[in-house]
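Student: I'm passing along final39.cif; it holds mmCIF, C-alpha atoms.
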data_start
#
loop_
_atom_site.label_atom_id
_atom_site.label_comp_id
_atom_site.auth_asym_id
_atom_site.auth_seq_id
_atom_site.Cartn_x
_atom_site.Cartn_y
_atom_site.Cartn_z
CA MET A 132 4.95 -127.82 68.51
CA ALA A 133 4.87 -124.03 68.92
CA PRO A 134 7.71 -121.81 67.71
CA LYS A 135 9.15 -119.00 69.82
CA TYR A 136 8.01 -115.47 69.14
CA ASP A 137 8.63 -111.95 70.34
CA PHE A 138 6.98 -108.58 69.73
CA TYR A 139 7.47 -104.85 69.83
CA GLN A 140 4.96 -102.07 69.39
CA THR A 141 4.33 -98.44 68.55
CA GLU A 142 1.16 -96.45 69.14
CA GLN A 143 -0.14 -97.56 65.72
CA LYS A 144 1.03 -101.16 65.34
CA VAL A 145 2.31 -104.35 66.95
CA VAL A 146 5.05 -106.30 65.17
CA VAL A 147 5.28 -110.00 66.07
CA ASP A 148 8.40 -111.92 64.99
CA ILE A 149 7.72 -115.66 64.90
CA LEU A 150 11.05 -117.52 64.79
CA LEU A 151 10.86 -120.21 62.15
CA LYS A 152 13.90 -121.64 60.35
CA ASN A 153 13.62 -121.61 56.58
CA ALA A 154 10.28 -119.80 56.83
CA LYS A 155 10.36 -118.79 53.16
CA ASP A 156 10.70 -122.41 52.07
CA LYS A 157 8.11 -123.88 54.43
CA ASN A 158 4.53 -124.45 53.45
CA TYR A 159 2.81 -122.44 56.18
CA GLN A 160 -0.56 -120.78 56.65
CA LEU A 161 -1.00 -117.60 58.68
CA THR A 162 -4.45 -116.29 59.52
CA ILE A 163 -4.93 -112.81 60.99
CA ASP A 164 -8.27 -112.13 62.67
CA GLU A 165 -9.39 -109.16 64.77
CA GLN A 166 -8.54 -110.98 68.02
CA ASP A 167 -6.15 -113.79 67.02
CA VAL A 168 -3.16 -114.73 64.90
CA HIS A 169 -2.95 -118.39 63.93
CA LEU A 170 0.02 -120.13 62.28
CA THR A 171 0.24 -123.71 61.03
CA ALA A 172 2.99 -125.36 59.01
CA ASP A 173 3.68 -128.76 57.46
CA ASP A 174 6.15 -129.88 60.14
CA GLY A 175 3.55 -129.94 62.95
CA ILE A 176 3.78 -126.28 63.91
CA ASP A 177 0.60 -124.91 65.46
CA LEU A 178 0.54 -121.49 67.13
CA THR A 179 -2.36 -119.29 68.20
CA ILE A 180 -1.76 -115.85 69.69
CA ARG A 181 -4.83 -114.39 71.39
CA LEU A 182 -4.28 -110.65 71.05
CA PHE A 183 -4.67 -108.26 73.99
CA LYS A 184 -6.94 -105.93 71.98
CA PRO A 185 -8.65 -106.06 68.57
CA ILE A 186 -6.67 -105.06 65.49
CA ASN A 187 -7.55 -103.96 61.96
CA LYS A 188 -7.17 -107.21 60.07
CA ALA A 189 -7.72 -105.54 56.68
CA THR A 190 -4.53 -103.47 56.96
CA SER A 191 -2.44 -106.00 58.87
CA THR A 192 0.17 -107.99 56.91
CA HIS A 193 2.93 -110.57 57.22
CA LYS A 194 6.10 -111.51 55.36
CA ALA A 195 8.53 -114.40 55.58
CA SER A 196 12.33 -114.19 55.70
CA PRO A 197 14.90 -117.01 56.03
CA SER A 198 14.66 -117.09 59.85
CA LYS A 199 11.26 -115.72 60.79
CA ILE A 200 7.78 -114.61 59.86
CA GLU A 201 7.15 -110.94 60.62
CA VAL A 202 3.50 -110.16 61.37
CA ILE A 203 2.51 -106.47 61.33
CA LEU A 204 -0.75 -105.89 63.18
CA MET A 205 -2.37 -102.46 62.84
CA LYS A 206 -4.08 -101.26 66.04
CA LEU A 207 -7.62 -99.94 65.99
CA ILE A 208 -6.86 -97.51 68.82
CA GLY A 209 -3.50 -95.76 69.05
CA GLU A 210 -2.22 -96.80 72.47
CA GLN A 211 0.43 -98.94 74.15
CA TRP A 212 -0.64 -102.44 75.14
CA PRO A 213 0.68 -103.70 78.49
CA GLN A 214 1.16 -107.13 76.90
CA LEU A 215 0.73 -108.93 73.58
CA GLU A 216 -1.80 -111.56 74.68
CA ARG A 217 -4.97 -111.40 76.72
CA GLU A 218 -5.46 -113.66 79.71
CA LYS A 219 -6.73 -117.14 78.83
CA ASP A 220 -10.07 -116.81 80.66
CA VAL A 221 -10.79 -113.27 79.51
CA LYS A 222 -13.34 -112.89 76.75
CA PRO A 223 -12.18 -110.98 73.66
CA VAL A 224 -12.73 -107.26 73.67
CA THR A 225 -15.40 -106.36 71.17
CA THR A 226 -14.37 -104.21 68.28
CA PRO A 227 -15.36 -100.58 68.83
CA ALA A 228 -17.80 -99.14 66.36
CA ARG A 229 -15.76 -97.70 63.54
CA LYS A 230 -16.41 -94.18 62.46
CA GLN A 231 -17.48 -93.89 58.89
CA PRO A 232 -14.89 -92.08 56.80
CA LYS A 233 -15.81 -88.51 55.99
CA ASP A 234 -17.00 -87.86 52.46
CA TRP A 235 -14.98 -84.69 51.91
CA ASP A 236 -16.46 -84.11 48.46
CA LYS A 237 -19.97 -84.15 49.91
CA LEU A 238 -18.94 -81.74 52.69
CA ALA A 239 -17.31 -79.40 50.16
CA LYS A 240 -20.50 -79.38 48.08
CA GLU A 241 -22.57 -78.57 51.20
CA VAL A 242 -20.24 -75.67 52.05
CA GLU A 243 -20.43 -74.39 48.47
CA LYS A 244 -24.23 -74.63 48.57
CA THR A 245 -24.36 -72.70 51.86
CA GLU A 246 -21.99 -70.04 50.52
CA GLU A 247 -24.07 -69.74 47.35
CA GLU A 248 -27.26 -69.34 49.40
CA GLU A 249 -25.54 -66.62 51.46
CA ARG A 250 -24.38 -64.87 48.28
CA GLN A 251 -27.91 -65.06 46.90
CA GLY A 252 -29.25 -63.69 50.19
CA GLU A 253 -26.77 -60.80 50.10
CA ALA A 254 -27.54 -60.18 46.44
CA ALA A 255 -31.28 -60.11 47.19
CA LEU A 256 -30.72 -57.69 50.07
CA ASN A 257 -28.56 -55.43 47.89
CA ALA A 258 -31.18 -55.56 45.14
CA LEU A 259 -33.84 -54.54 47.69
CA PHE A 260 -31.77 -51.55 48.85
CA GLN A 261 -31.09 -50.54 45.24
CA LYS A 262 -34.82 -50.69 44.48
CA ILE A 263 -35.67 -48.62 47.56
CA TYR A 264 -33.01 -46.06 46.56
CA ALA A 265 -34.12 -45.95 42.92
CA ASP A 266 -37.83 -45.61 43.78
CA SER A 267 -37.39 -42.98 46.52
CA ASN A 268 -37.45 -39.17 46.43
CA GLU A 269 -34.39 -36.90 46.77
CA GLU A 270 -34.84 -36.45 50.53
CA THR A 271 -34.88 -40.21 51.17
CA ARG A 272 -31.78 -40.72 49.01
CA ARG A 273 -29.93 -38.01 50.97
CA ALA A 274 -30.94 -39.70 54.24
CA MET A 275 -29.71 -43.08 53.01
CA ASN A 276 -26.37 -41.66 51.80
CA LYS A 277 -25.73 -39.55 54.92
CA SER A 278 -26.67 -42.30 57.40
CA PHE A 279 -24.60 -44.94 55.60
CA MET A 280 -21.47 -42.75 55.21
CA GLU A 281 -21.46 -41.18 58.70
CA SER A 282 -22.10 -44.50 60.48
CA GLY A 283 -19.36 -46.36 58.64
CA GLY A 284 -21.92 -48.59 56.98
CA THR A 285 -23.61 -49.64 60.24
CA VAL A 286 -26.82 -47.60 59.82
CA LEU A 287 -29.10 -47.10 56.81
CA SER A 288 -31.99 -44.71 57.38
CA THR A 289 -34.61 -43.38 54.97
CA ASN A 290 -35.83 -40.66 57.38
CA TRP A 291 -34.21 -37.31 56.54
CA LYS A 292 -35.82 -35.56 59.53
CA GLU A 293 -34.07 -38.01 61.85
CA VAL A 294 -30.58 -37.97 60.23
CA GLY A 295 -30.50 -34.45 58.75
CA GLU A 296 -30.29 -32.56 62.06
CA LYS A 297 -27.20 -34.20 63.65
CA PRO A 298 -24.37 -36.64 62.80
CA VAL A 299 -25.38 -40.31 62.60
CA GLU A 300 -23.98 -42.50 65.37
CA VAL A 301 -22.02 -45.65 64.58
CA LYS A 302 -24.06 -48.71 65.69
CA PRO A 303 -22.14 -51.97 65.15
CA PRO A 304 -24.01 -55.28 65.49
CA ASP A 305 -24.29 -56.82 68.97
CA GLY A 306 -21.03 -58.38 70.07
CA CYS A 307 -18.97 -56.29 67.63
CA GLU A 308 -16.77 -53.28 68.23
CA TYR A 309 -16.27 -50.48 65.72
CA LYS A 310 -12.65 -49.36 65.26
CA THR A 311 -11.21 -46.53 63.23
CA PHE A 312 -7.82 -46.70 61.61
CA ASP A 313 -5.41 -43.81 61.24
CA LYS A 314 -4.17 -43.11 57.73
#
Would you mind writing the file out in structure tokens?
Tutor:
Amino acid sequence: MAPKYDFYQTEQKVVVDILLKNAKDKNYQLTIDEQDVHLTADDGIDLTIRLFKPINKATSTHKASPSKIEVILMKLIGEQWPQLEREKDVKPVTTPARKQPKDWDKLAKEVEKTEEEERQGEAALNALFQKIYADSNEETRRAMNKSFMESGGTVLSTNWKEVGEKPVEVKPPDGCEYKTFDK
């Protein structure tokens, strides 16, 4: 004997209400698999629902009330099903490969490592420029200061003959545009 049942759904879940008098008091067994829901009870009840699509059996649940058993089936893919059950002759849909959950701590550590490497790279570059400045003669220092200041930080030259004669042009990196702001 199979009890009556009905269902409704959202994008995330399907709720199946299996009508069963005194469900809380009955000795029943409900099994939820990826493709099927199976109910048996002491008074000869035997029901198998072959689901239209696979569900996440680990997060699906059920609970009994005085008049029914409510089965909450969590969908693997958020979509509306055209029906609750698949056709009898249709083979079950295979479960799609599940994406592994992201390890956010690992990703955060990788980002921190990359940022640290960039900081170390910038620090090394700054240290190189400081060494060049400290080890150079007065003319080279003047060229570095003038080229850096007049170009808005886009040019750094050590050749006074090149930068001493005329103003240094602003040369932003490729794909960038230099803008001035009024005070």
Student: Applying the PyMOL selection byres ((chain A and resi 163) around 10) to the file I just gave you, which residues come out? Please list them as a list in words.
Tutor: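 Evaluating the PyMOL selection byres ((chain A and resi 163) around 10) on this file yields Leu161, Thr162, Asp164, Glu165, Gln166, Asp167, Val168, His169, Leu170, Ile180, Ile186, Asn187, Lys188, Ala189, Ser191, Thr192, His193, Val202, Ile203 and Leu204 of chain A.
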Student: Given all atoms listed in the file as the basis, pick out the residue of A:Cys307, A:Leu256, A:Val294, A:Leu207 nearest to Thr271 of chain A.
Tutor: A:Val294
Student: Just how far from atom CA of Val146 of chain A is atom CA of Ala195 of chain A, in Å to one decimal?
Tutor: 13.0 Å
Student: Evaluate the PyMOL selection byres ((chain A and resi 200) around 10) against this structure - the residues, as a ChimeraX atom specification, please.
Tutor: /A:136,147-155,159,161,170,193-199,201-203
Student: To one decimal place, how far is atom CA of Phe279 of chain A from atom CA of Glu300 of chain A in Å?
Tutor: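 So the two atoms, atom CA of Phe279 of chain A and atom CA of Glu300 of chain A, lie 10.1 Å apart.
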Student: Translate the PyMOL selection byres ((chain A and resi 287) around 12) into a concrete residue list for this structure, as a PDB file with C-alpha atoms, in the coordinates of the input.
Tutor:
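The resulting part09.pdb:
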ATOM      1  CA  PHE A 260     -31.770 -51.550  48.850  1.00  0.00           C
ATOM      2  CA  ILE A 263     -35.670 -48.620  47.560  1.00  0.00           C
ATOM      3  CA  TYR A 264     -33.010 -46.060  46.560  1.00  0.00           C
ATOM      4  CA  THR A 271     -34.880 -40.210  51.170  1.00  0.00           C
ATOM      5  CA  ARG A 272     -31.780 -40.720  49.010  1.00  0.00           C
ATOM      6  CA  ARG A 273     -29.930 -38.010  50.970  1.00  0.00           C
ATOM      7  CA  ALA A 274     -30.940 -39.700  54.240  1.00  0.00           C
ATOM      8  CA  MET A 275     -29.710 -43.080  53.010  1.00  0.00           C
ATOM      9  CA  ASN A 276     -26.370 -41.660  51.800  1.00  0.00           C
ATOM     10  CA  LYS A 277     -25.730 -39.550  54.920  1.00  0.00           C
ATOM     11  CA  SER A 278     -26.670 -42.300  57.400  1.00  0.00           C
ATOM     12  CA  PHE A 279     -24.600 -44.940  55.600  1.00  0.00           C
ATOM     13  CA  MET A 280     -21.470 -42.750  55.210  1.00  0.00           C
ATOM     14  CA  GLU A 281     -21.460 -41.180  58.700  1.00  0.00           C
ATOM     15  CA  SER A 282     -22.100 -44.500  60.480  1.00  0.00           C
ATOM     16  CA  GLY A 283     -19.360 -46.360  58.640  1.00  0.00           C
ATOM     17  CA  GLY A 284     -21.920 -48.590  56.980  1.00  0.00           C
ATOM     18  CA  THR A 285     -23.610 -49.640  60.240  1.00  0.00           C
ATOM     19  CA  VAL A 286     -26.820 -47.600  59.820  1.00  0.00           C
ATOM     20  CA  SER A 288     -31.990 -44.710  57.380  1.00  0.00           C
ATOM     21  CA  THR A 289     -34.610 -43.380  54.970  1.00  0.00           C
ATOM     22  CA  ASN A 290     -35.830 -40.660  57.380  1.00  0.00           C
ATOM     23  CA  TRP A 291     -34.210 -37.310  56.540  1.00  0.00           C
ATOM     24  CA  GLU A 293     -34.070 -38.010  61.850  1.00  0.00           C
ATOM     25  CA  VAL A 294     -30.580 -37.970  60.230  1.00  0.00           C
ATOM     26  CA  VAL A 299     -25.380 -40.310  62.600  1.00  0.00           C
ATOM     27  CA  GLU A 300     -23.980 -42.500  65.370  1.00  0.00           C
ATOM     28  CA  VAL A 301     -22.020 -45.650  64.580  1.00  0.00           C
ATOM     29  CA  LYS A 302     -24.060 -48.710  65.690  1.00  0.00           C
ATOM     30  CA  PRO A 303     -22.140 -51.970  65.150  1.00  0.00           C
TER      31      PRO A 303
END
Student: Can you measure atom CA of Glu142 of chain A to atom CA of Asp234 of chain A for me? One decimal in Å is fine.
Tutor: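 Between atom CA of Glu142 of chain A and atom CA of Asp234 of chain A the gap works out to 26.1 Å.
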Student: Find, counting only C-alpha atoms, the residue in A:Ser267, A:Met132, A:Lys206, A:Trp212 that gets nearest to Asp174 of chain A.
Tutor: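 Smallest separation from Asp174 of chain A among the options: A:Met132.
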Student: So, with all atoms listed in the file as the atoms that count, which of A:Glu247, A:Glu270, A:Glu216, A:Asp177 lies closest to Phe138 of chain A?
Tutor: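 Of A:Glu247, A:Glu270, A:Glu216, A:Asp177, the one nearest Phe138 of chain A is A:Glu216, counting all atoms listed in the file.
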Student: Hey, could you pull the box centre and edge lengths for segment 196-214 of chain A, axis-aligned, 5 Å padding per side, all listed atoms, to one decimal in Å, as AutoDock Vina command-line options?
Tutor:
--center_x 3.6 --center_y -106.4 --center_z 67.1 --size_x 32.5 --size_y 31.3 --size_z 32.8
